[in-house]
file run.txt (compact mmCIF, C-alpha atoms)
# COMPACT_ATOMS: atom_id res chain seq x y z
CA MET U 1 52.45 -10.88 38.28
CA SER U 2 55.17 -13.23 37.03
CA THR U 3 54.42 -16.88 36.26
CA PRO U 4 55.98 -19.27 38.82
CA THR U 5 59.06 -21.12 37.55
CA LEU U 6 59.84 -24.22 39.56
CA THR U 7 63.34 -25.51 40.22
CA SER U 8 62.10 -28.29 42.53
CA LEU U 9 58.87 -30.28 42.67
CA SER U 10 58.27 -32.60 45.63
CA PHE U 11 55.37 -34.33 47.29
CA LEU U 12 54.39 -34.90 50.92
CA THR U 13 52.39 -37.97 51.88
CA PRO U 14 50.71 -38.84 55.21
CA GLY U 15 51.74 -42.53 55.14
CA ASN U 16 48.32 -44.00 55.91
CA PHE U 17 47.85 -47.56 57.11
CA ALA U 18 45.10 -49.73 58.56
CA ASP U 19 44.85 -50.16 62.32
CA ASP U 20 44.63 -53.95 62.25
CA ASP U 21 47.27 -54.53 59.56
CA PRO U 22 49.76 -51.66 59.19
CA TYR U 23 52.30 -53.33 56.91
CA PRO U 24 50.40 -53.05 53.57
CA GLY U 25 49.90 -49.31 54.00
CA LEU U 26 53.54 -48.69 54.89
CA GLU U 27 54.67 -50.83 51.95
CA GLU U 28 52.40 -48.86 49.63
CA THR U 29 53.92 -45.62 50.89
CA LEU U 30 57.41 -46.94 50.12
CA ARG U 31 56.19 -47.88 46.64
CA LEU U 32 54.81 -44.36 46.26
CA PHE U 33 58.31 -43.01 46.92
CA GLU U 34 59.64 -45.34 44.22
CA TYR U 35 56.88 -44.25 41.84
CA GLY U 36 57.60 -40.57 42.48
CA GLU U 37 61.27 -41.13 41.68
CA ARG U 38 60.36 -42.86 38.40
CA LEU U 39 58.15 -39.93 37.45
CA GLY U 40 61.02 -37.52 38.00
CA TYR U 41 59.94 -35.78 41.21
CA ASP U 42 62.78 -34.02 42.98
CA GLY U 43 61.71 -34.95 46.50
CA ALA U 44 59.45 -37.30 48.47
CA TRP U 45 58.48 -36.28 52.01
CA ILE U 46 56.71 -38.11 54.83
CA ARG U 47 54.70 -36.67 57.70
CA GLN U 48 55.61 -37.73 61.25
CA ARG U 49 52.49 -38.47 63.30
CA HIS U 50 52.05 -39.85 66.81
CA LEU U 51 49.16 -42.05 68.01
CA GLU U 52 47.67 -41.94 64.50
CA HIS U 53 47.65 -44.20 61.46
CA GLY U 54 50.87 -42.68 60.19
CA VAL U 55 54.65 -42.86 60.52
CA GLY U 56 55.75 -42.31 64.13
CA SER U 57 59.47 -42.27 63.30
CA ALA U 58 60.42 -40.47 60.12
CA ALA U 59 64.08 -41.46 60.52
CA VAL U 60 63.22 -45.17 60.47
CA PHE U 61 60.90 -44.81 57.50
CA LEU U 62 63.37 -42.72 55.48
CA ALA U 63 66.13 -45.26 56.18
CA ALA U 64 63.91 -47.83 54.47
CA ALA U 65 62.99 -45.43 51.66
CA GLY U 66 66.68 -44.75 51.07
CA GLN U 67 67.20 -48.42 50.25
CA ARG U 68 64.30 -48.41 47.77
CA THR U 69 65.31 -45.27 45.85
CA GLU U 70 68.50 -43.88 44.34
CA ARG U 71 68.12 -40.21 43.42
CA ILE U 72 65.11 -38.51 44.98
CA GLU U 73 65.49 -36.28 48.05
CA LEU U 74 63.95 -37.83 51.17
CA GLY U 75 62.28 -35.43 53.57
CA THR U 76 60.18 -35.26 56.69
CA ALA U 77 57.66 -32.49 57.31
CA VAL U 78 57.68 -32.19 60.15
CA ILE U 79 59.18 -33.80 63.26
CA PRO U 80 57.54 -32.32 66.41
CA ILE U 81 60.62 -31.67 68.51
CA GLY U 82 58.86 -31.92 71.86
CA TYR U 83 58.99 -35.71 71.89
CA GLU U 84 62.61 -36.08 70.81
CA SER U 85 65.99 -36.45 72.50
CA PRO U 86 68.25 -34.00 70.60
CA PHE U 87 71.26 -36.33 70.59
CA ARG U 88 69.50 -39.63 69.95
CA LEU U 89 67.38 -38.14 67.17
CA ALA U 90 70.53 -36.68 65.60
CA GLU U 91 72.11 -40.15 65.65
CA ASP U 92 69.09 -41.70 63.91
CA LEU U 93 68.94 -38.98 61.27
CA ALA U 94 72.67 -39.12 60.63
CA LEU U 95 72.55 -42.90 60.14
CA ALA U 96 69.58 -42.68 57.76
CA ASP U 97 71.33 -39.91 55.82
CA VAL U 98 74.53 -41.88 55.36
CA LEU U 99 72.54 -44.95 54.27
CA SER U 100 70.76 -42.81 51.66
CA ARG U 101 74.08 -41.32 50.50
CA GLY U 102 73.23 -37.82 51.67
CA ARG U 103 69.65 -37.35 50.46
CA LEU U 104 67.79 -36.48 53.68
CA GLN U 105 65.94 -33.17 54.09
CA ILE U 106 64.83 -32.76 57.71
CA GLY U 107 61.91 -30.55 58.70
CA PHE U 108 61.14 -29.66 62.33
CA SER U 109 58.36 -27.98 64.24
CA THR U 110 57.81 -27.08 67.86
CA GLY U 111 54.87 -28.30 69.88
CA MET U 112 53.65 -31.65 71.18
CA PRO U 113 50.48 -32.98 69.53
CA HIS U 114 48.48 -35.14 71.98
CA ALA U 115 50.72 -33.93 74.83
CA ASP U 116 48.09 -34.76 77.45
CA LEU U 117 48.36 -38.43 76.46
CA LEU U 118 52.02 -38.72 75.53
CA GLY U 119 53.97 -36.31 77.70
CA ASP U 120 54.20 -38.57 80.74
CA LEU U 121 55.04 -41.58 78.58
CA VAL U 122 58.01 -39.84 76.97
CA TYR U 123 59.51 -38.03 79.96
CA ASP U 124 60.30 -38.80 83.57
CA GLY U 125 59.39 -35.89 85.80
CA ASP U 126 57.48 -32.73 84.97
CA TRP U 127 58.17 -32.21 81.28
CA ARG U 128 56.03 -29.06 81.27
CA GLY U 129 59.02 -27.12 82.56
CA PHE U 130 61.43 -28.39 79.89
CA ASP U 131 62.53 -26.37 76.86
CA LEU U 132 60.55 -28.15 74.14
CA SER U 133 60.68 -25.31 71.64
CA TYR U 134 63.29 -23.67 69.42
CA GLY U 135 66.21 -24.40 71.73
CA ARG U 136 65.63 -28.14 71.40
CA ILE U 137 65.79 -27.91 67.60
CA ALA U 138 68.99 -25.89 67.85
CA ARG U 139 70.50 -28.68 69.95
CA VAL U 140 69.70 -31.27 67.25
CA VAL U 141 71.34 -29.08 64.61
CA GLU U 142 74.38 -28.54 66.81
CA ASN U 143 74.74 -32.28 67.32
CA LEU U 144 74.52 -32.87 63.58
CA ARG U 145 77.42 -30.48 63.03
CA GLY U 146 79.54 -33.12 64.72
CA ASP U 147 81.80 -31.08 66.99
CA TYR U 148 84.05 -33.19 69.19
CA LEU U 149 82.92 -33.72 72.77
CA GLY U 150 85.17 -32.88 75.69
CA GLY U 151 88.55 -31.22 75.42
CA PRO U 152 91.20 -31.74 72.72
CA ASP U 153 92.72 -34.62 74.69
CA THR U 154 89.41 -36.42 75.32
CA VAL U 155 89.28 -39.86 73.73
CA ILE U 156 87.15 -42.96 74.07
CA HIS U 157 88.36 -46.55 73.89
CA SER U 158 86.45 -49.19 71.98
CA PRO U 159 87.57 -52.62 70.77
CA GLY U 160 90.45 -52.05 68.39
CA ASN U 161 90.02 -48.28 68.35
CA VAL U 162 90.87 -45.08 70.19
CA GLN U 163 89.12 -41.98 68.89
CA ARG U 164 87.89 -38.52 69.74
CA PRO U 165 84.17 -38.68 70.59
CA ARG U 166 81.45 -37.08 68.49
CA LEU U 167 78.16 -38.06 66.92
CA GLN U 168 78.57 -41.05 64.62
CA PRO U 169 78.16 -41.59 61.76
CA HIS U 170 78.97 -38.04 60.79
CA ASN U 171 78.03 -36.37 57.52
CA PRO U 172 78.76 -32.63 57.71
CA GLY U 173 76.34 -31.90 54.88
CA LEU U 174 73.23 -32.94 56.82
CA ALA U 175 73.36 -29.91 59.14
CA ARG U 176 72.92 -27.77 56.01
CA ARG U 177 69.75 -29.63 55.01
CA ILE U 178 67.55 -28.68 57.95
CA TRP U 179 64.19 -26.96 57.56
CA TYR U 180 61.67 -25.37 59.89
CA GLY U 181 57.92 -25.49 59.35
CA GLY U 182 57.10 -21.87 60.16
CA GLY U 183 53.56 -20.54 60.43
CA SER U 184 54.09 -17.35 62.45
CA LEU U 185 56.29 -14.26 62.12
CA ARG U 186 58.18 -15.18 65.29
CA SER U 187 58.93 -18.67 64.02
CA VAL U 188 60.21 -17.58 60.61
CA ARG U 189 62.45 -14.97 62.23
CA TRP U 190 63.96 -17.70 64.39
CA ALA U 191 64.43 -20.06 61.42
CA ALA U 192 66.14 -17.32 59.42
CA GLY U 193 68.45 -16.49 62.30
CA GLN U 194 69.49 -20.14 62.52
CA GLY U 195 70.07 -20.37 58.77
CA LEU U 196 67.42 -23.06 58.35
CA GLY U 197 65.32 -23.59 55.24
CA LEU U 198 61.67 -22.53 55.47
CA LEU U 199 58.71 -24.83 54.88
CA SER U 200 55.41 -22.95 54.55
CA GLY U 201 52.30 -24.99 53.79
CA ASN U 202 48.57 -24.39 53.57
CA ILE U 203 48.22 -23.38 57.24
CA VAL U 204 49.50 -20.09 58.70
CA THR U 205 48.73 -17.85 61.65
CA GLY U 206 46.62 -14.77 60.93
CA GLU U 207 48.65 -11.88 62.31
CA ASP U 208 47.10 -8.49 61.49
CA THR U 209 45.17 -10.00 58.56
CA ASP U 210 42.30 -12.38 57.85
CA ASP U 211 43.63 -13.17 54.37
CA PHE U 212 45.72 -16.32 53.92
CA THR U 213 47.72 -15.03 50.95
CA THR U 214 48.62 -11.78 52.69
CA ALA U 215 49.68 -13.65 55.82
CA GLN U 216 51.89 -16.08 53.89
CA LEU U 217 53.50 -13.31 51.85
CA ASN U 218 54.27 -11.53 55.12
CA LEU U 219 55.97 -14.68 56.41
CA LEU U 220 58.17 -14.99 53.33
CA SER U 221 59.09 -11.32 53.47
CA GLU U 222 59.97 -11.46 57.18
CA TYR U 223 62.02 -14.62 56.70
CA ARG U 224 64.09 -13.08 53.92
CA ARG U 225 64.52 -9.85 55.87
CA ALA U 226 65.85 -11.75 58.89
CA LEU U 227 68.34 -13.91 56.98
CA PRO U 228 72.00 -13.24 57.72
CA PRO U 229 73.75 -11.76 54.65
CA ASP U 230 75.82 -14.89 54.08
CA ARG U 231 72.83 -17.28 54.17
CA THR U 232 70.68 -18.32 51.22
CA PRO U 233 68.59 -21.20 52.59
CA ARG U 234 65.83 -22.76 50.56
CA VAL U 235 62.15 -21.81 50.77
CA ALA U 236 59.45 -24.31 49.81
CA VAL U 237 55.69 -23.75 49.71
CA GLY U 238 53.14 -26.54 50.04
CA ARG U 239 49.71 -26.76 48.45
CA VAL U 240 47.03 -29.47 48.35
CA ILE U 241 46.64 -30.01 44.59
CA VAL U 242 44.26 -32.65 43.21
CA PRO U 243 43.93 -32.92 39.40
CA LEU U 244 40.90 -34.63 37.92
CA ASP U 245 42.15 -35.31 34.41
CA SER U 246 42.86 -39.05 34.44
CA ALA U 247 40.51 -39.92 37.33
CA ASP U 248 37.26 -41.77 36.63
CA ALA U 249 33.87 -40.16 37.26
CA ALA U 250 33.38 -41.63 40.73
CA THR U 251 36.85 -40.57 41.85
CA ARG U 252 36.32 -37.07 40.48
CA ALA U 253 33.12 -36.76 42.50
CA ARG U 254 34.92 -37.90 45.65
CA TYR U 255 37.76 -35.44 45.09
CA ARG U 256 35.28 -32.58 44.73
CA ALA U 257 33.40 -33.70 47.84
CA TYR U 258 36.67 -33.82 49.78
CA ALA U 259 37.54 -30.24 48.83
CA ALA U 260 34.01 -29.04 49.58
CA SER U 261 34.13 -30.56 53.07
CA ARG U 262 37.22 -28.46 53.83
CA HIS U 263 36.17 -25.21 52.21
CA GLU U 264 34.37 -23.59 55.15
CA ARG U 265 37.55 -23.47 57.20
CA THR U 266 39.14 -21.21 54.56
CA LEU U 267 36.51 -18.47 54.94
CA ALA U 268 37.65 -17.00 58.29
CA PRO U 269 40.35 -17.39 60.96
CA GLN U 270 39.91 -20.52 63.06
CA GLY U 271 40.32 -20.79 66.82
CA PRO U 272 42.07 -18.56 69.36
CA LYS U 273 45.34 -18.68 67.39
CA ARG U 274 43.54 -17.33 64.29
CA ILE U 275 44.67 -20.13 62.01
CA LEU U 276 44.22 -19.44 58.29
CA PHE U 277 43.82 -22.23 55.72
CA ALA U 278 44.50 -22.09 51.98
CA PRO U 279 41.78 -23.58 49.75
CA ASP U 280 42.55 -26.93 48.17
CA VAL U 281 43.32 -26.69 44.46
CA VAL U 282 41.02 -29.26 42.82
CA GLY U 283 40.14 -29.30 39.13
CA THR U 284 41.45 -30.03 35.67
CA ALA U 285 45.08 -29.32 34.87
CA GLU U 286 43.97 -26.16 33.09
CA GLN U 287 42.07 -24.96 36.16
CA ILE U 288 44.96 -25.85 38.46
CA LEU U 289 47.42 -23.96 36.30
CA GLU U 290 45.18 -20.90 36.37
CA ALA U 291 45.11 -21.04 40.17
CA LEU U 292 48.85 -21.59 40.54
CA THR U 293 49.95 -18.98 38.01
CA THR U 294 47.81 -16.34 39.71
CA ASP U 295 48.96 -17.27 43.23
CA PRO U 296 51.22 -14.39 44.34
CA VAL U 297 52.94 -16.63 46.91
CA LEU U 298 54.11 -19.14 44.31
CA ALA U 299 55.50 -16.28 42.24
CA GLU U 300 57.88 -15.62 45.15
CA VAL U 301 59.35 -19.14 45.41
CA SER U 302 60.79 -21.80 43.13
CA GLU U 303 60.14 -24.94 45.19
CA LEU U 304 56.65 -26.46 45.36
CA ARG U 305 55.66 -29.33 47.63
CA LEU U 306 52.51 -31.17 46.61
CA GLU U 307 50.68 -32.08 49.84
CA LEU U 308 48.72 -35.27 49.29
CA PRO U 309 45.38 -35.56 51.14
CA TYR U 310 44.93 -37.84 54.11
CA GLU U 311 43.21 -41.21 53.77
CA PHE U 312 43.37 -41.62 49.99
CA HIS U 313 44.48 -44.89 48.36
CA ARG U 314 47.80 -45.51 46.64
CA GLU U 315 46.28 -45.68 43.16
CA GLU U 316 44.65 -42.29 43.78
CA TYR U 317 47.92 -40.82 44.99
CA GLU U 318 49.65 -42.19 41.90
CA GLN U 319 47.02 -40.63 39.63
CA ILE U 320 47.49 -37.26 41.35
CA LEU U 321 51.29 -37.45 41.09
CA HIS U 322 51.11 -38.51 37.45
CA ASP U 323 48.76 -35.74 36.36
CA VAL U 324 50.66 -33.02 38.22
CA ARG U 325 54.00 -34.22 36.84
CA HIS U 326 52.87 -34.51 33.21
CA LEU U 327 50.09 -31.95 32.84
CA VAL U 328 50.91 -29.20 35.34
CA ALA U 329 54.63 -29.15 36.11
CA PRO U 330 55.86 -28.71 32.49
CA GLU U 331 53.92 -25.45 32.27
CA LEU U 332 55.80 -24.28 35.37
CA GLY U 333 59.24 -25.17 34.07
CA ARG U 334 59.63 -28.72 35.40
CA HIS U 335 59.77 -31.06 32.38
CA PRO U 336 59.82 -34.85 32.96
CA GLU U 337 63.07 -36.36 31.73
CA ALA U 338 62.69 -39.46 29.61
CA ALA U 339 65.02 -41.51 31.80
CA GLN U 340 62.97 -40.78 34.90
CA ALA U 341 59.43 -40.44 33.58
CA GLY U 342 58.99 -43.99 32.29
CA THR U 343 56.31 -44.50 29.66
CA GLY U 344 54.43 -41.29 30.39
CA ARG U 345 51.13 -43.19 30.68
CA ALA U 346 48.76 -42.80 33.56
CA PRO U 347 49.22 -45.52 36.21
CA GLU U 348 47.12 -48.63 35.88
CA VAL U 349 44.47 -48.62 38.57
CA THR U 350 44.16 -51.95 40.30
CA ARG U 351 41.26 -52.25 42.70
CA ARG U 352 42.23 -54.29 45.71
CA GLY U 353 40.35 -55.75 48.60
CA PRO U 354 40.41 -54.27 52.11
CA GLU U 355 43.30 -56.44 53.19
CA VAL U 356 45.83 -54.43 51.17
CA ARG U 357 44.28 -50.98 51.19
CA THR U 358 45.48 -48.07 53.25
CA GLY U 359 43.27 -47.05 56.13
CA ARG U 360 40.34 -44.66 55.75
CA ALA U 361 38.94 -42.31 58.32
CA GLY U 362 35.62 -43.35 59.78
call {"tool": "encode", "arguments": {"input": "run.txt", "output": "structure tokens"}}
result
Amino acid sequence: MSTPTLTSLSFLTPGNFADDDPYPGLEETLRLFEYGERLGYDGAWIRQRHLEHGVGSAAVFLAAAGQRTERIELGTAVIPIGYESPFRLAEDLALADVLSRGRLQIGFSTGMPHADLLGDLVYDGDWRGFDLSYGRIARVVENLRGDYLGGPDTVIHSPGNVQRPRLQPHNPGLARRIWYGGGSLRSVRWAAGQGLGLLSGNIVTGEDTDDFTTAQLNLLSEYRRALPPDRTPRVAVGRVIVPLDSADAATRARYRAYAASRHERTLAPQGPKRILFAPDVVGTAEQILEALTTDPVLAEVSELRLELPYEFHREEYEQILHDVRHLVAPELGRHPEAAQAGTGRAPEVTRRGPEVRTGRAG
């Protein structure tokens, strides 16, 4: 088995905040994006979550992150398309992309989390009969391509201007930076047919296998088989990776307890959809490297997305990012550059009171 060689190293954060005071948590997430850029990460991604202590509009958050960073790719993994208007979402994403000077990476998924609570708030009428699946994503992508609306003679009049109508602002490059979070063979075939990049994380559907690694390898193989000959979209794999090296003893114990609490779900398929979970990779840098270099999935890709755990604090996230960037990534071909990596020291841990901490689960 060949050792993975990374061309891109990114991280995905949940964007936690406290229920009674959300601003400090959101500010800390923006600072985490800045910190990741200083360390030399290639991308910083945010989850989009509804009715939870997390970012409900990735486009709005990434517009802010674009003003706080200069180089790093800004991604969302993933936007559940069921709650979105294909044209209005395209407008928001296009505006955020232009403001960031073309750094957005947009990940989509189908489905509607908490649909029983949110469906009637989002839609007028019986939304259960609407196309809230792949076709809705395709409509967003089509809007982002910026084709003119109406016939060749169709124009709109605005103060001081007459122009042909299309989505504004328009950046043709954004339509080529769209990803799909695929967990099933059907979904990756669709993503490949659309020419979208593939995001595959630590959750997949068990189809004809109870083994996570086998299932994920099957997804990658099917995606590449279904790609049109002229398409070479990107493939990125996500893993929960938590290094212990520069953490104190109490934090190490909590990290291990966190992984242990999630281990049982990795032992067998879960639920009627036979969901398979990858184990969290928790340990010293040496132990993490052993796990990553023997992971046959990572040997098949060159882009790794570090998935940060839910409900940790910013100083813990910074410690994880630091140790992965300086102790793990160089062994996989991603060397911190002096101009981006700063001093190379572990971040100073400042213990703060509850008023400025991100929210924890109960």
call {"tool": "atom_distance", "arguments": {"input": "run.txt", "atom1": "atom CA of Leu298 of chain U", "atom2": "atom CA of Thr209 of chain U"}}
result
19.1 Å
call {"tool": "closest_residue", "arguments": {"input": "run.txt", "among": "U:Gln319, U:Thr213, U:Thr294, U:Ser200", "to": "Asp245 of chain U", "atoms": "all atoms listed in the file"}}
result
U:Gln319
call {"tool": "closest_residue", "arguments": {"input": "run.txt", "among": "U:Arg176, U:Arg305, U:Arg145, U:Arg225", "to": "Val237 of chain U", "atoms": "all atoms listed in the file"}}
result
U:Arg305
call {"tool": "atom_distance", "arguments": {"input": "run.txt", "atom1": "atom CA of Trp45 of chain U", "atom2": "atom CA of Thr232 of chain U"}}
result
21.7 Å
call {"tool": "atom_distance", "arguments": {"input": "run.txt", "atom1": "atom CA of Gly206 of chain U", "atom2": "atom CA of Glu84 of chain U"}}
result
28.4 Å
call {"tool": "closest_residue", "arguments": {"input": "run.txt", "among": "U:Thr284, U:Ser85, U:Ser158, U:Ser302", "to": "Thr5 of chain U", "atoms": "only C-alpha atoms"}}
result
U:Ser302
call {"tool": "closest_residue", "arguments": {"input": "run.txt", "among": "U:Ile178, U:Val301, U:Leu93, U:Ala253", "to": "Arg224 of chain U", "atoms": "only C-alpha atoms"}}
result
U:Val301
call {"tool": "closest_residue", "arguments": {"input": "run.txt", "among": "U:Val282, U:Leu332, U:Ala260, U:Val240", "to": "Pro4 of chain U", "atoms": "all atoms listed in the file"}}
result
U:Leu332
call {"tool": "residues_around", "arguments": {"input": "run.txt", "residues": "Asn16 of chain U", "least_positions_apart": "2", "cutoff": "10 Å", "atoms": "all atoms listed in the file", "output": "NGL selection string"}}
result
:U and (13-14 or 18-19 or 22 or 24-26 or 28-29 or 47 or 52-55 or 310-314 or 357-361)
call {"tool": "write_last_selection", "arguments": {"input": "run.txt", "atoms": "C-alpha atoms", "output": "PDB file, in the coordinates of the input"}}
result
ATOM      1  CA  THR U  13      52.390 -37.970  51.880  1.00  0.00           C
ATOM      2  CA  PRO U  14      50.710 -38.840  55.210  1.00  0.00           C
ATOM      3  CA  ALA U  18      45.100 -49.730  58.560  1.00  0.00           C
ATOM      4  CA  ASP U  19      44.850 -50.160  62.320  1.00  0.00           C
ATOM      5  CA  PRO U  22      49.760 -51.660  59.190  1.00  0.00           C
ATOM      6  CA  PRO U  24      50.400 -53.050  53.570  1.00  0.00           C
ATOM      7  CA  GLY U  25      49.900 -49.310  54.000  1.00  0.00           C
ATOM      8  CA  LEU U  26      53.540 -48.690  54.890  1.00  0.00           C
ATOM      9  CA  GLU U  28      52.400 -48.860  49.630  1.00  0.00           C
ATOM     10  CA  THR U  29      53.920 -45.620  50.890  1.00  0.00           C
ATOM     11  CA  ARG U  47      54.700 -36.670  57.700  1.00  0.00           C
ATOM     12  CA  GLU U  52      47.670 -41.940  64.500  1.00  0.00           C
ATOM     13  CA  HIS U  53      47.650 -44.200  61.460  1.00  0.00           C
ATOM     14  CA  GLY U  54      50.870 -42.680  60.190  1.00  0.00           C
ATOM     15  CA  VAL U  55      54.650 -42.860  60.520  1.00  0.00           C
ATOM     16  CA  TYR U 310      44.930 -37.840  54.110  1.00  0.00           C
ATOM     17  CA  GLU U 311      43.210 -41.210  53.770  1.00  0.00           C
ATOM     18  CA  PHE U 312      43.370 -41.620  49.990  1.00  0.00           C
ATOM     19  CA  HIS U 313      44.480 -44.890  48.360  1.00  0.00           C
ATOM     20  CA  ARG U 314      47.800 -45.510  46.640  1.00  0.00           C
ATOM     21  CA  ARG U 357      44.280 -50.980  51.190  1.00  0.00           C
ATOM     22  CA  THR U 358      45.480 -48.070  53.250  1.00  0.00           C
ATOM     23  CA  GLY U 359      43.270 -47.050  56.130  1.00  0.00           C
ATOM     24  CA  ARG U 360      40.340 -44.660  55.750  1.00  0.00           C
ATOM     25  CA  ALA U 361      38.940 -42.310  58.320  1.00  0.00           C
TER      26      ALA U 361
END
call {"tool": "closest_residue", "arguments": {"input": "run.txt", "among": "U:Leu196, U:Leu185, U:Leu292, U:Ala77", "to": "Leu217 of chain U", "atoms": "all atoms listed in the file"}}
result
U:Leu185
call {"tool": "residues_around", "arguments": {"input": "run.txt", "residues": "Glu286 of chain U", "least_positions_apart": "3", "cutoff": "12 Å", "atoms": "only C-alpha atoms", "output": "list in words"}}
result
Pro243, Leu244, Asp245, Val281, Val282, Gly283, Leu289, Glu290, Ala291, Leu292, Thr293, Asp323, Val324, Leu327, Val328, Ala329 and Glu331 of chain U
call {"tool": "write_last_selection", "arguments": {"input": "run.txt", "atoms": "C-alpha atoms", "output": "mmCIF file, keeping the file's coordinate frame"}}
result
data_model
loop_
_atom_site.group_PDB
_atom_site.id
_atom_site.type_symbol
_atom_site.label_atom_id
_atom_site.label_comp_id
_atom_site.auth_asym_id
_atom_site.auth_seq_id
_atom_site.Cartn_x
_atom_site.Cartn_y
_atom_site.Cartn_z
ATOM 1 C CA PRO U 243 43.930 -32.920 39.400
ATOM 2 C CA LEU U 244 40.900 -34.630 37.920
ATOM 3 C CA ASP U 245 42.150 -35.310 34.410
ATOM 4 C CA VAL U 281 43.320 -26.690 44.460
ATOM 5 C CA VAL U 282 41.020 -29.260 42.820
ATOM 6 C CA GLY U 283 40.140 -29.300 39.130
ATOM 7 C CA LEU U 289 47.420 -23.960 36.300
ATOM 8 C CA GLU U 290 45.180 -20.900 36.370
ATOM 9 C CA ALA U 291 45.110 -21.040 40.170
ATOM 10 C CA LEU U 292 48.850 -21.590 40.540
ATOM 11 C CA THR U 293 49.950 -18.980 38.010
ATOM 12 C CA ASP U 323 48.760 -35.740 36.360
ATOM 13 C CA VAL U 324 50.660 -33.020 38.220
ATOM 14 C CA LEU U 327 50.090 -31.950 32.840
ATOM 15 C CA VAL U 328 50.910 -29.200 35.340
ATOM 16 C CA ALA U 329 54.630 -29.150 36.110
ATOM 17 C CA GLU U 331 53.920 -25.450 32.270
#
call {"tool": "residues_around", "arguments": {"input": "run.txt", "residues": "Gly135 of chain U", "least_positions_apart": "6", "cutoff": "10 Å", "atoms": "only C-alpha atoms", "output": "compact mmCIF listing (two decimals) with C-alpha atoms, in the coordinates of the input"}}
result
# COMPACT_ATOMS: atom_id res chain seq x y z
CA ILE U 81 60.62 -31.67 68.51
CA PRO U 86 68.25 -34.00 70.60
CA THR U 110 57.81 -27.08 67.86
CA VAL U 141 71.34 -29.08 64.61
call {"tool": "residues_around", "arguments": {"input": "run.txt", "residues": "Trp179 of chain U", "least_positions_apart": "4", "cutoff": "6 Å", "atoms": "all atoms listed in the file", "output": "JSON, numbers by chain"}}
result
{"U": [106, 107, 196, 197, 198]}
call {"tool": "residues_near_point", "arguments": {"input": "run.txt", "point": "(51.6, -23.0, 66.5)", "cutoff": "8 Å", "atoms": "all atoms listed in the file", "output": "number ranges by chain"}}
result
U: 110-111, 183-184, 205, 273
